[in-house]
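To start, the structure under review is shown below, and the notes come after it.
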Amino acid sequence: MRNRLRLAYFSPLPPARTGIADYSLVLLPALAALADVTLYAGASDAIDPAIAARWLLRPIEAYPAQRWGFDAALYHLGNSYYHESLYRTLCRYPGVVVLHDYSLHHLIAARTLIRGNVAGYQRELMYALGSARGWQLSKEIRLGQRELPLFELPLNERVIDLSLGLIAHSHYVADRVQQRRSDLPVRVIAHPMLTRHAAVKRRVPEWPDGALVFASAGQVTPSRQIDLVLRAFAEVRESCPQARYLIVGEWCHPDLSLERLLHDLHLQDVVHHTGFVENLAEFDDWIASADVVVNFRHPTVGETSGVVLRALAAGVPAIVSDNGWYGELPEACCVKVPPQDLAALTTAMRDLAIDAEKRRRLGERAAIYAQQTLDPGHVAAQYIDFINECVARWKTPHAR
Amino acid sequence: MAQDLELLAARAVLPEYEFKSGIPLMARLRAAWYAMAAKWAIRYLSQCQSNFNAAVVVQLQTLRTHQADANERSVMSDQDLVQLTRVVAELSQQVIHLQKTLAVMQARIPDDEGKSA
């Protein structure tokens with residue numbers, strides 16, 4: 001009997017602008033060393049030709065007929081529209097779900113409300129809250145009496161109820177999932193990250209050689225609290241004038257003008273915004289070029305930050321908000337600050353700005369943590385172990 | 001929704017119009033003329049409208065009850081569908097496992113034994 005698992009693998013893939021596409025890029029080679037992996041992608045999903053050339057890639061529409069040839073389907077699900085086609089397939093043909101974000105509300109809203117499908121959104125609210133509360137809430141939203149509760153309701157109940165096994169990156173997510181379904185096999189597996197030894201140091205030409213660079217990377221959404229972070233940075237500058245701030249990533253904060261904020265804080269000459277960085281290696285280089293990475297998230301919906309892991313893998317100390325997944329990072333390799341606490345953030349940034357030894361020590365521990373815990377081979381082995389456990393469970397007719 | 005319907009029910013009955021005027025006796029004169037010329041006809045029409053409104057409110061209340069019931073059944077069906085989809089997926093996995101086991105067993109059967117069978 002064949003021992004290698006045959007996996008149908010569903011995930012957004014580059015060039016989709018989601019960290020989960022990059023995640024798969026890291027995980028796939030390690031997973032393929034241990035299992036036979038077939039990728040499935042939607043017809044409308046643009047796939048990097050290099051991926052199409054390297055991997056066995058099939059249209060997602062073909063999966064229903066081909067599903068008998070796999071031991072398990074593995075769905076990488078996150079909270080964005082990039083997951084639309086795989087979400088649809090998951091609802092029809094459930095499998096093992098990797099829940100990258102605890103909340104799926106943005107995805108649900110994008111596939112229903114944004115397309116004018118009010119009834120579809122109402123159905124999800126009623127599934128999550130019961131018919132009376134769900135109907136009432138959808139009516140209030142329809143009449144403009146209240147905003148979408150994007151951060152209050154995760155709308156992941158359907159996915160949790162359908163899953164045959166679930167992988168989370170944090171106990172924060174795993175515990176909440178098990179509160180919903182205690183019979184569901186759940187495993188916490190770390191987010192894999194490659195350790196790059198040959199990062200190219202990038203610099204902003206206008207900045208002096210001795211500049212101390214703080215950086216935030218990834219999509220700048222309101223939950224990243226960039227205004228709070230820059231306010232703290234402005235205070236740090238008073239005692240550390242060589243400090244500079246780098247923002248790497250797409251600006252997705254419609255209610256806040258960076259230009260205006262920098263003007264108000266008198267930071268125009270010491271903050272640089274790269275905009276969206278297409279090339280992942282270049283993105284990594286920018287992160288590795290920073291002295292300290294600051295990554296805040298409030299509110300959190302239980303998401304994992306690829307940016308923080310990239311920083312740790314590059315041996316760059318990080319300051320993170322002490323909530324959700326971030327709160328579970330080892331104290332030894334990052335500094336945790338209560339979310340929305342300007343004074344605490346300022347203190348943390350100032351401490352690292354003036355203490356090079358502390359930065360070096362944190363960075364070293366971060367790199368060790370990354371090598372030991374985030375190694376893709378190690379992570380892939382845990383995937384295989386968990387999927388085998390699920391497969392063994394499914395073989396038993398009493399599994400339900 | 002229930003509050004909206006209560007509000008509608010309270011407004012279903014049309015009140016009789018009451019003449020008012022700042023000019024002395026004007027309101028009384030108009031009321032007297034109205035009583036003579038139109039009161040009974042308008043009262044009849046108002047009653048018809050009030051009856052109709054009350055019937056509409058009752059219909060809406062019935063529909064609301066039906067809708068709540070339909071919503072409830074819809075959610076239950078949805079939950080059943082999710083559970084059945086999961087059960088089918090688990091059974092499908094068992095079929096896949098059995099197919100693999102069968103293939104291994106068939107491979108072990110010598111060719112001539114297979115022929116005689």
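In the structure tokens, each chain is lettered A, B, ... as it comes, each chain's residues begin at 1, and ligands are numbered from 1 in order of appearance.
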Determine, using only C-alpha atoms, which residues of chain A have any atom at most 10 Å from an atom of chain B, and tabulate each with its shortest atom pair and distance in Å to one decimal place, rows ordered by chain and then rising number, as a tab-separated table.
residue	atom	partner	partner_atom	distance
A:Met1	CA	B:Val104	CA	5.9
A:Arg2	CA	B:Lys100	CA	8.4
A:Arg67	CA	B:Ser92	CA	9.0
A:Trp68	CA	B:Ile96	CA	6.0
A:Gly69	CA	B:Ile96	CA	7.5
A:Phe70	CA	B:Ile96	CA	7.6
A:Asp71	CA	B:Gln93	CA	7.0
A:Ala72	CA	B:Gln93	CA	7.7
A:Cys91	CA	B:Val82	CA	7.9
A:Arg92	CA	B:Thr85	CA	6.8
A:Tyr93	CA	B:Ala89	CA	6.3
A:Pro94	CA	B:Ala89	CA	6.1
A:Gly95	CA	B:Ala89	CA	7.5
A:Arg123	CA	B:Val75	CA	7.6
A:Glu124	CA	B:Val75	CA	9.2
A:Leu125	CA	B:Val75	CA	9.9
A:Met126	CA	B:Val75	CA	6.5
A:Tyr127	CA	B:Val75	CA	5.8
A:Ala128	CA	B:Val75	CA	9.3
A:Leu129	CA	B:Val75	CA	9.8
A:Gly130	CA	B:Val75	CA	7.1
A:Ser131	CA	B:Glu72	CA	5.3
A:Ala132	CA	B:Ala68	CA	7.0
A:Gly134	CA	B:Asn71	CA	9.5
A:Trp135	CA	B:Asn71	CA	8.0
A:Gln136	CA	B:Met1	CA	7.9
A:Lys139	CA	B:Met1	CA	9.2
A:Arg158	CA	B:Val82	CA	7.3
A:Val159	CA	B:Val82	CA	9.1
A:Asp161	CA	B:Val82	CA	6.9
A:Leu162	CA	B:Arg86	CA	5.4
A:Ser163	CA	B:Arg86	CA	7.2
A:Leu164	CA	B:Arg86	CA	7.2
A:Val391	CA	B:Gln93	CA	7.7
A:Ala392	CA	B:His97	CA	9.5
A:Arg393	CA	B:Glu90	CA	9.3
A:Trp394	CA	B:Glu90	CA	5.9
A:Lys395	CA	B:Gln94	CA	5.2
A:Thr396	CA	B:Gln94	CA	7.7
A:Pro397	CA	B:Gln94	CA	7.8
A:Ala399	CA	B:Glu90	CA	8.4
A:Arg400	CA	B:Val87	CA	7.7
Convert the current residue selection to file output with C-alpha atoms, as a tab-separated table (two decimals), in the first residue's frame.
chain	number	residue	atom	x	y	z
A	1	MET	CA	0.00	0.00	0.00
A	2	ARG	CA	1.19	3.50	-0.79
A	67	ARG	CA	-11.47	13.95	-5.67
A	68	TRP	CA	-11.51	10.13	-5.42
A	69	GLY	CA	-7.83	10.14	-6.23
A	70	PHE	CA	-6.80	11.97	-3.04
A	71	ASP	CA	-6.41	10.99	0.58
A	72	ALA	CA	-7.27	14.50	1.72
A	91	CYS	CA	-18.50	24.21	1.16
A	92	ARG	CA	-19.30	21.39	-1.23
A	93	TYR	CA	-16.35	19.04	-0.64
A	94	PRO	CA	-15.01	19.61	2.89
A	95	GLY	CA	-11.52	18.60	3.95
A	123	ARG	CA	-28.11	33.67	5.31
A	124	GLU	CA	-24.61	33.73	6.81
A	125	LEU	CA	-25.71	36.04	9.62
A	126	MET	CA	-28.66	33.77	10.39
A	127	TYR	CA	-26.41	30.70	10.31
A	128	ALA	CA	-24.06	32.35	12.80
A	129	LEU	CA	-26.54	34.09	15.10
A	130	GLY	CA	-29.79	32.18	14.70
A	131	SER	CA	-32.69	33.23	12.51
A	132	ALA	CA	-34.19	36.04	14.63
A	134	GLY	CA	-29.41	37.30	12.15
A	135	TRP	CA	-32.47	38.57	10.31
A	136	GLN	CA	-32.75	41.64	12.53
A	139	LYS	CA	-32.17	44.37	8.25
A	158	ARG	CA	-20.04	27.31	8.53
A	159	VAL	CA	-16.38	26.54	7.78
A	161	ASP	CA	-18.88	23.02	11.09
A	162	LEU	CA	-17.85	21.66	7.68
A	163	SER	CA	-14.18	20.97	8.41
A	164	LEU	CA	-12.89	17.42	8.74
A	391	VAL	CA	-7.17	10.10	7.64
A	392	ALA	CA	-6.93	7.39	10.30
A	393	ARG	CA	-9.94	8.90	12.02
A	394	TRP	CA	-11.98	8.98	8.81
A	395	LYS	CA	-11.26	5.28	8.20
A	396	THR	CA	-13.23	4.45	11.32
A	397	PRO	CA	-16.98	4.40	10.68
A	399	ALA	CA	-15.56	8.82	13.55
A	400	ARG	CA	-18.72	10.91	13.67
Need to verify the contact set: range 54-61 of chain A, 7 Å, only C-alpha atoms, exclusion of same-chain residues closer than 6 positions in sequence. Can you return it as a PDB file with C-alpha atoms, in the first residue's frame?
ATOM      1  CA  THR A  38      -1.712  18.517  -6.699  1.00  0.00           C
ATOM      2  CA  LEU A  39      -2.598  22.202  -6.757  1.00  0.00           C
ATOM      3  CA  TYR A  40      -6.076  23.397  -7.615  1.00  0.00           C
ATOM      4  CA  ALA A  41      -6.799  26.953  -8.692  1.00  0.00           C
ATOM      5  CA  GLY A  42      -9.830  28.835  -9.962  1.00  0.00           C
ATOM      6  CA  ALA A  43     -10.079  29.590 -13.684  1.00  0.00           C
TER       7      ALA A  43
END
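Among the candidates B:Ala2, B:Tyr17, B:Pro24, B:Ala31, the residue lying nearest to Leu63 in chain B is B:Ala2 (atoms considered: only C-alpha atoms).
The space separating CA of Leu104 in chain A from CA of Asn79 in chain A comes to 4.6 Å.
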Next item on the list: Excluding range 34-49 of chain B and any residue of its chain fewer than 5 positions from it, enumerate the residues within 8 Å of it, using only C-alpha atoms, and give them as a ChimeraX atom specification.
Entry: /B:13-14,16
For N, CA and C atoms, I'd like the residues from the last selection saved as a compact mmCIF listing (two decimals), in the first residue's frame.
# COMPACT_ATOMS: atom_id res chain seq x y z
N VAL B 13 -56.30 53.17 12.43
CA VAL B 13 -57.62 53.81 12.52
C VAL B 13 -57.49 55.31 12.25
N LEU B 14 -58.24 55.80 11.26
CA LEU B 14 -58.17 57.22 10.91
C LEU B 14 -59.01 58.03 11.90
N GLU B 16 -61.16 61.26 13.31
CA GLU B 16 -62.04 62.25 12.65
C GLU B 16 -61.38 63.63 12.72
Could you tell me, as number ranges by chain, which residues of range 133-262 of chain A DSSP assigns to strand (DSSP E or B) when given the backbone?
A: 165-168, 186-188, 212-217, 220, 243-249, 251
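For Leu99 in chain A, the set of protein, DNA and RNA residues having any atom at most 7 Å away, when counting only C-alpha atoms and skipping those fewer than 3 positions along the same chain, is His76, Leu77, Gly78, Tyr102, Leu166, Ile167 and Ala168 of chain A.
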Now that the selection is made, can you save its residues with C-alpha atoms as a PDB file, in the first residue's frame?
ATOM      1  CA  HIS A  76      -5.822  27.348   2.996  1.00  0.00           C
ATOM      2  CA  LEU A  77      -8.464  29.813   4.006  1.00  0.00           C
ATOM      3  CA  GLY A  78      -8.007  33.461   4.842  1.00  0.00           C
ATOM      4  CA  TYR A 102     -10.042  33.439  12.650  1.00  0.00           C
ATOM      5  CA  LEU A 166      -8.423  22.138  11.232  1.00  0.00           C
ATOM      6  CA  ILE A 167      -4.966  23.631  11.441  1.00  0.00           C
ATOM      7  CA  ALA A 168      -4.440  26.966  13.175  1.00  0.00           C
TER       8      ALA A 168
END
Computed gap from CA of Ala32 in chain A to CA of Arg108 in chain B is 28.8 Å
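Atom pair CA of Phe276 in chain A / CA of Ala215 in chain A has a distance of 14.3 Å (rounded to one decimal).
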